[in-house]
Each structure stands twice: as C-alpha cells, then as structure tokens.
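Each remark here refers to the structure printed beneath this line.
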Amino acid sequence: NNEYYELNNKFYDLIYKLKNKIHVCIASTAQFRKDPLNLFYHLYINNIPIMGLQETHQFYLHNNELNNYLLPMNKILVNSNFEKNKFLEFNYSHETIEVIGWSGVYKNSKEKLNQNNIVLIILNASNNINPISNETSNIQLDFIDKIYNFIGNKYKLVVKLHPAESSNYYYFIKKKINKKINIYTNEYKISDLILNSNLIFCSGYTESFLEAIFLNKKIIL
C-alpha cells in the first residue's frame with residue numbers, strides 16, 4: 001500500500017501477519033549483514049520467495065569479486081550477459097539468473113551539458129561502512145588534499161560522499177578538509193553533479209563511473 005516500515009521486530013511481525021498476501025520480496029542487495037540475514041530468515045520460514053534485482057554492476061565494478069548478492073535467492077535479475085556469466089562461474093544455476101538489461105538513470109540527452117569549471121571527486125564507500133573497502137578515511141582525505149593542491153584556484157572542487165555514509169562521517173571529513181572544498185552527501189543527485197562537472201576523479205567502484213562515460217566526461221581513475 002505504498003507504506004514505509006522500519007526494519008525492526010514490528011516489521012517481522014507484519015510478515016507473519018500478511019504472509020499469505022505477500023507474493024514476493026524484491027531485494028536490491030543480499031549481503032552477509034545482520035539486517036538482511038534476519039529479513040531473509042523470516043521470509044524463508046514463511047515460504048515467501050525472494051527476487052534479487054541487481055542495482056550495481058557487481059562483477060564489472062568489483063574486479064570479478066562477489067559481495068552484494070551472497071545470500072540465496074529464488075531468482076536474480078541481472079543487467080548484462082557479462083554479469084550472468086560471472087554468476088554462473090560462482091556456481092549459480094541457469095534457472096536462477098535472468099538478464100533484464102540495465103534500468104539505470106542515465107540521461108537520454110547529451111544536449112544540456114553544462115560547463116561550470118567544477119572538478120568532481122566521487123568517493124567509494126569508506127571502510128567505516130564497508131569492511132572490504134580499500135578507502136580508509138585517511139586515504140580519502142589524502143586523495144582530496146592532493147587533488148585540491150593539483151588544481152589550485154582554477155576550478156571549484158566538489159566532493160561527493162558515498163550515499164550510505166553517516167552524518168558523523170560527513171562532519172568528520174568536512175572538518176578536516178579545506179573550507180573552499182564543497183562536500184555533498186545524498187541530498188544532491190550525483191547525476192546533476194556529473195552533468196555540471198568538467199573533470200571527474202573516482203576509483204571506478206561506482207555506477208556513477210558508467211554515467212560519466214555515457215556523458216563523455218573527462219575521467220581520471
């Protein structure tokens with residue numbers, strides 16, 4: 001009914017209450033974390049099928065490593081034959097994997113590209129929220145500092161944090177960096193930031209990298 005519920009015990013009670021009316025659970029990720037494990041447990045014991053909807057180019061962006069879709073699901077809808085073949089290499093069954101293409105938010109037009117002398121840094125998830133991330137806070141701060149010193153005053157430097165970063169991490173980074181650097185969190189659309197940037201720095205572990213390619217942006221990895 002287009003209603004939002006927090007993932008807590010009340011939500012699990014709702015699953016039991018409505019189990020005969022729930023056709024499927026659609027999950028964008030299936031990581032080995034506490035909340036997904038609890039959720040999948042309650043779905044399984046109530047015989048509710050789980051469908052995975054790939055929201056990131058898992059293997060392409062993560063050096064052929066699998067981390068977002070580890071919990072078992074009845075069906076996984078993936079965005080390319082490349083991704084499907086990689087899942088099959090990990091012994092997923094042909095019946096489980098189905099290619100549906102990519103439904104990302106890439107712009108349909110390149111006519112309205114803006115040039116505002118902006119250099120954009122797109123940060124990956126720090127190891128504060130992703131234990132397997134190579135990007136520690138010190139590495140990210142050093143990364144920002146070196147780019148700022150490199151571009152000087154010729155460009156406006158904008159830093160986009162990963163959308164899952166906490167507000168505490170935002171204030172930590174903001175306190176550590178030069179006041180002339182603009183730092184944005186999830187309230188700003190990454191597509192708009194990319195559209196308005198002349199040059200983009202990123203590690204490549206982000207869907208935004210693909211959108212930047214689509215928009216013919218200058219990218220430094």
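Labeling convention for the structure tokens: chains A, B, ... as they appear, residues from 1 per chain, ligands from 1 in order of appearance.
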Name the residues of chain A that fall into strand (DSSP E or B) according to DSSP on the backbone, using the chain letters and numbers of this document, as a short mmCIF file (atom, residue, chain, number, x, y, z; two decimals) with N, CA, C and O atoms, in the first residue's frame.
```cif
data_model
loop_
_atom_site.label_atom_id
_atom_site.label_comp_id
_atom_site.auth_asym_id
_atom_site.auth_seq_id
_atom_site.Cartn_x
_atom_site.Cartn_y
_atom_site.Cartn_z
N CYS A 25 9.35 -10.94 -2.24
CA CYS A 25 10.17 -9.86 -1.70
C CYS A 25 11.24 -9.54 -2.74
O CYS A 25 11.97 -10.43 -3.19
N ILE A 26 11.34 -8.27 -3.12
CA ILE A 26 12.35 -7.85 -4.09
C ILE A 26 13.48 -7.16 -3.34
O ILE A 26 13.27 -6.16 -2.65
N ALA A 27 14.68 -7.72 -3.45
CA ALA A 27 15.84 -7.20 -2.71
C ALA A 27 16.88 -6.67 -3.67
O ALA A 27 17.19 -7.30 -4.68
N ALA A 30 21.94 -8.51 -1.11
CA ALA A 30 21.79 -9.70 -0.26
C ALA A 30 23.14 -9.99 0.40
O ALA A 30 23.78 -11.00 0.16
N ILE A 50 12.12 -14.88 -2.77
CA ILE A 50 12.93 -13.66 -2.79
C ILE A 50 13.53 -13.49 -4.18
O ILE A 50 14.13 -14.41 -4.73
N MET A 51 13.35 -12.30 -4.72
CA MET A 51 13.89 -11.98 -6.05
C MET A 51 14.93 -10.88 -5.90
O MET A 51 14.66 -9.82 -5.33
N GLY A 52 16.13 -11.13 -6.39
CA GLY A 52 17.17 -10.12 -6.35
C GLY A 52 17.16 -9.27 -7.60
O GLY A 52 17.08 -9.79 -8.71
N LEU A 53 17.21 -7.97 -7.42
CA LEU A 53 17.24 -7.03 -8.55
C LEU A 53 18.59 -6.33 -8.52
O LEU A 53 18.85 -5.51 -7.63
N TYR A 69 25.56 -10.03 -3.43
CA TYR A 69 24.48 -10.99 -3.69
C TYR A 69 24.88 -12.38 -3.22
O TYR A 69 24.92 -13.33 -3.99
N LYS A 75 15.47 -16.07 -7.42
CA LYS A 75 15.74 -15.55 -8.76
C LYS A 75 16.57 -14.28 -8.61
O LYS A 75 16.34 -13.48 -7.71
N ILE A 76 17.55 -14.10 -9.52
CA ILE A 76 18.33 -12.87 -9.54
C ILE A 76 18.25 -12.27 -10.93
O ILE A 76 18.63 -12.91 -11.92
N LEU A 77 17.73 -11.05 -11.02
CA LEU A 77 17.61 -10.34 -12.29
C LEU A 77 18.85 -9.47 -12.47
O LEU A 77 19.08 -8.54 -11.69
N VAL A 78 19.64 -9.77 -13.48
CA VAL A 78 20.92 -9.09 -13.66
C VAL A 78 20.88 -8.19 -14.89
O VAL A 78 19.99 -8.30 -15.74
N ILE A 97 19.36 -17.23 -12.68
CA ILE A 97 19.83 -15.95 -13.23
C ILE A 97 19.07 -15.60 -14.51
O ILE A 97 18.97 -16.41 -15.44
N GLU A 98 18.57 -14.39 -14.56
CA GLU A 98 17.87 -13.91 -15.77
C GLU A 98 18.33 -12.49 -16.10
O GLU A 98 18.36 -11.62 -15.23
N VAL A 99 18.68 -12.27 -17.36
CA VAL A 99 19.15 -10.96 -17.80
C VAL A 99 17.96 -10.08 -18.19
O VAL A 99 17.14 -10.47 -19.02
N ILE A 118 33.90 22.90 -12.70
CA ILE A 118 33.82 22.08 -11.49
C ILE A 118 34.63 20.80 -11.68
O ILE A 118 34.53 20.14 -12.71
N VAL A 119 35.45 20.49 -10.69
CA VAL A 119 36.14 19.20 -10.63
C VAL A 119 35.45 18.38 -9.54
O VAL A 119 35.34 18.82 -8.40
N LEU A 120 34.98 17.21 -9.92
CA LEU A 120 34.20 16.38 -9.01
C LEU A 120 35.00 15.16 -8.56
O LEU A 120 35.61 14.47 -9.38
N ILE A 121 34.99 14.90 -7.25
CA ILE A 121 35.58 13.69 -6.69
C ILE A 121 34.44 12.81 -6.19
O ILE A 121 33.66 13.22 -5.32
N ILE A 122 34.33 11.60 -6.76
CA ILE A 122 33.30 10.65 -6.31
C ILE A 122 33.99 9.59 -5.45
O ILE A 122 34.80 8.81 -5.95
N LYS A 156 36.55 24.83 -9.16
CA LYS A 156 35.80 24.61 -7.92
C LYS A 156 35.80 23.11 -7.65
O LYS A 156 35.35 22.32 -8.48
N LEU A 157 36.29 22.71 -6.49
CA LEU A 157 36.38 21.29 -6.16
C LEU A 157 35.15 20.85 -5.36
O LEU A 157 34.81 21.43 -4.34
N VAL A 158 34.49 19.80 -5.86
CA VAL A 158 33.31 19.25 -5.21
C VAL A 158 33.57 17.79 -4.87
O VAL A 158 34.04 17.02 -5.71
N VAL A 159 33.28 17.40 -3.63
CA VAL A 159 33.46 16.02 -3.18
C VAL A 159 32.08 15.42 -2.90
O VAL A 159 31.28 15.98 -2.17
N LYS A 160 31.81 14.26 -3.49
CA LYS A 160 30.55 13.55 -3.26
C LYS A 160 30.83 12.29 -2.45
O LYS A 160 31.52 11.38 -2.91
N ASN A 182 33.80 22.02 -1.53
CA ASN A 182 32.39 21.72 -1.29
C ASN A 182 32.21 20.22 -1.13
O ASN A 182 32.65 19.44 -1.98
N ILE A 183 31.55 19.81 -0.07
CA ILE A 183 31.32 18.38 0.17
C ILE A 183 29.82 18.12 0.23
O ILE A 183 29.08 18.79 0.94
N TYR A 184 29.37 17.13 -0.56
CA TYR A 184 27.94 16.85 -0.69
C TYR A 184 27.64 15.42 -0.24
O TYR A 184 28.45 14.51 -0.41
N LEU A 199 35.63 17.73 -15.01
CA LEU A 199 36.57 16.65 -14.79
C LEU A 199 36.14 15.86 -13.57
O LEU A 199 35.70 16.43 -12.57
N ILE A 200 36.26 14.53 -13.65
CA ILE A 200 35.78 13.67 -12.57
C ILE A 200 36.88 12.71 -12.14
O ILE A 200 37.48 12.03 -12.97
N PHE A 201 37.15 12.69 -10.84
CA PHE A 201 38.06 11.72 -10.25
C PHE A 201 37.24 10.67 -9.51
O PHE A 201 36.33 11.01 -8.75
N CYS A 202 37.55 9.39 -9.72
CA CYS A 202 36.89 8.34 -8.95
C CYS A 202 37.72 7.07 -9.01
O CYS A 202 38.62 6.94 -9.83
N LYS A 218 35.37 13.90 -18.91
CA LYS A 218 36.78 13.58 -18.71
C LYS A 218 36.91 12.91 -17.35
O LYS A 218 36.49 13.48 -16.33
N ILE A 219 37.50 11.71 -17.32
CA ILE A 219 37.56 10.92 -16.10
C ILE A 219 39.00 10.53 -15.81
O ILE A 219 39.74 10.12 -16.70
N ILE A 220 39.38 10.67 -14.53
CA ILE A 220 40.68 10.19 -14.08
C ILE A 220 40.44 9.16 -12.98
O ILE A 220 39.80 9.45 -11.98
#
```
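Restricting the calculation to only C-alpha atoms, the smallest distance between A:Val24 and any of A:Asn67, A:Thr136, A:Asn74, A:Ser191 is found for A:Asn74.
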Looking at A:Tyr92, A:Tyr12, A:Tyr188, A:Phe59, which one is nearest to A:Leu71, with distances taken over only C-alpha atoms? A:Tyr92
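Among the candidate residues A:His94, A:Lys176, A:Lys21, A:Lys84, the one lying nearest to A:Gln140 is A:Lys176, with distances computed using only C-alpha atoms.
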Atomic separation - atom CA of A:Pro131 relative to atom CA of A:Asp145, Å: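 Atom CA of A:Pro131 lies 23.5 Å from atom CA of A:Asp145.
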What is the distance between atom CA of A:Pro163 and atom CA of A:Thr185, in Å to one decimal? 6.3 Å
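Distances here use only C-alpha atoms; by that measure, the residue among A:Lys217, A:Lys174, A:His162, A:Lys10 closest to A:Ile190 is A:His162.
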Nearest candidate to A:Asn85 (options A:Asn9, A:Gln58, A:Asn216, A:Asn68; using only C-alpha atoms): A:Gln58
When distances are computed from only C-alpha atoms, which of A:Gly152, A:Gly101, A:Pro72, A:Gly204 shows the smallest separation from A:Gln54? A:Gly101
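The neighbours of stretch 165-169 of chain A here are the residues that come within 9 Å of it, using only C-alpha atoms and leaving out any residue fewer than 5 positions away in the same chain; they are Ala125, Ser126, Asn128, Ile129, Ser137, Lys174, Thr185 and Asn186 of chain A.
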Determine which residues of chain A DSSP labels as alpha helix (DSSP H) from the backbone of this structure, then write them out as JSON, numbers by chain. {"A": [9, 10, 11, 12, 13, 14, 15, 16, 17, 18, 34, 35, 36, 37, 38, 39, 40, 41, 42, 43, 44, 45, 58, 59, 60, 61, 81, 82, 83, 84, 85, 86, 87, 88, 89, 137, 138, 139, 140, 141, 142, 143, 144, 145, 146, 147, 148, 149, 150, 151, 167, 168, 169, 170, 171, 172, 173, 174, 175, 176, 190, 191, 192, 193, 194, 195, 207, 208, 209, 210, 211, 212, 213, 214]}
Export of the given selection (C-alpha atoms) as a CSV table (one decimal), in the first residue's frame:
```csv
chain,number,residue,atom,x,y,z
A,9,ASN,CA,10.6,-6.6,15.1
A,10,LYS,CA,7.3,-4.9,14.2
A,11,PHE,CA,8.2,-5.3,10.5
A,12,TYR,CA,8.9,-9.0,11.1
A,13,ASP,CA,5.5,-9.3,12.9
A,14,LEU,CA,3.9,-7.8,9.8
A,15,ILE,CA,5.5,-10.5,7.6
A,16,TYR,CA,3.8,-13.2,9.7
A,17,LYS,CA,0.5,-11.3,9.7
A,18,LEU,CA,0.5,-10.8,5.9
A,34,LYS,CA,22.6,-8.6,10.4
A,35,ASP,CA,19.5,-6.9,8.9
A,36,PRO,CA,19.5,-8.8,5.5
A,37,LEU,CA,20.1,-12.1,7.4
A,38,ASN,CA,17.2,-11.5,9.8
A,39,LEU,CA,14.9,-10.4,7.0
A,40,PHE,CA,15.7,-13.4,4.7
A,41,TYR,CA,15.3,-15.8,7.7
A,42,HIS,CA,11.7,-14.6,8.3
A,43,LEU,CA,10.9,-14.7,4.6
A,44,TYR,CA,12.2,-18.3,4.2
A,45,ILE,CA,10.4,-19.7,7.2
A,58,GLN,CA,28.6,-6.4,-9.3
A,59,PHE,CA,31.5,-8.1,-11.1
A,60,TYR,CA,32.4,-5.4,-13.6
A,61,LEU,CA,32.9,-2.8,-10.9
A,81,ASN,CA,25.2,-11.3,-20.0
A,82,PHE,CA,28.6,-10.4,-18.6
A,83,GLU,CA,27.2,-10.4,-15.1
A,84,LYS,CA,25.2,-13.6,-15.7
A,85,ASN,CA,28.2,-15.5,-16.9
A,86,LYS,CA,30.1,-14.4,-13.8
A,87,PHE,CA,27.3,-15.6,-11.5
A,88,LEU,CA,27.4,-18.9,-13.3
A,89,GLU,CA,31.2,-19.2,-12.7
A,137,SER,CA,39.3,8.0,6.0
A,138,ASN,CA,43.0,8.8,5.8
A,139,ILE,CA,43.2,7.7,2.2
A,140,GLN,CA,40.2,9.7,1.2
A,141,LEU,CA,41.4,12.8,3.0
A,142,ASP,CA,44.8,12.4,1.3
A,143,PHE,CA,43.1,11.9,-2.0
A,144,ILE,CA,41.1,15.1,-1.6
A,145,ASP,CA,44.1,17.1,-0.4
A,146,LYS,CA,46.3,16.1,-3.3
A,147,ILE,CA,43.7,16.9,-5.9
A,148,TYR,CA,42.9,20.2,-4.3
A,149,ASN,CA,46.6,21.1,-4.4
A,150,PHE,CA,46.9,19.9,-8.0
A,151,ILE,CA,44.0,22.0,-9.5
A,167,SER,CA,26.2,12.2,9.0
A,168,ASN,CA,29.1,11.8,11.6
A,169,TYR,CA,31.4,10.9,8.8
A,170,TYR,CA,30.3,13.9,6.7
A,171,TYR,CA,31.1,16.3,9.6
A,172,PHE,CA,34.4,14.5,10.2
A,173,ILE,CA,35.5,14.9,6.6
A,174,LYS,CA,34.2,18.5,6.4
A,175,LYS,CA,36.2,19.4,9.5
A,176,LYS,CA,39.4,18.0,8.1
A,190,ILE,CA,25.0,12.5,-8.4
A,191,SER,CA,23.7,12.7,-11.9
A,192,ASP,CA,23.4,16.5,-11.6
A,193,LEU,CA,26.9,16.8,-10.2
A,194,ILE,CA,28.3,14.8,-13.0
A,195,LEU,CA,26.4,16.8,-15.6
A,207,GLU,CA,27.8,3.2,-11.1
A,208,SER,CA,28.4,6.9,-11.5
A,209,PHE,CA,31.6,6.0,-13.4
A,210,LEU,CA,29.4,4.5,-16.1
A,211,GLU,CA,27.2,7.5,-16.3
A,212,ALA,CA,30.2,9.8,-16.6
A,213,ILE,CA,31.4,7.7,-19.5
A,214,PHE,CA,27.9,7.9,-21.1
```
Coordinates-based distance that separates atom CA of A:Asn64 from atom CA of A:Ser203 (Å, one decimal):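 Distance reported for this atom pair: 15.4 Å.
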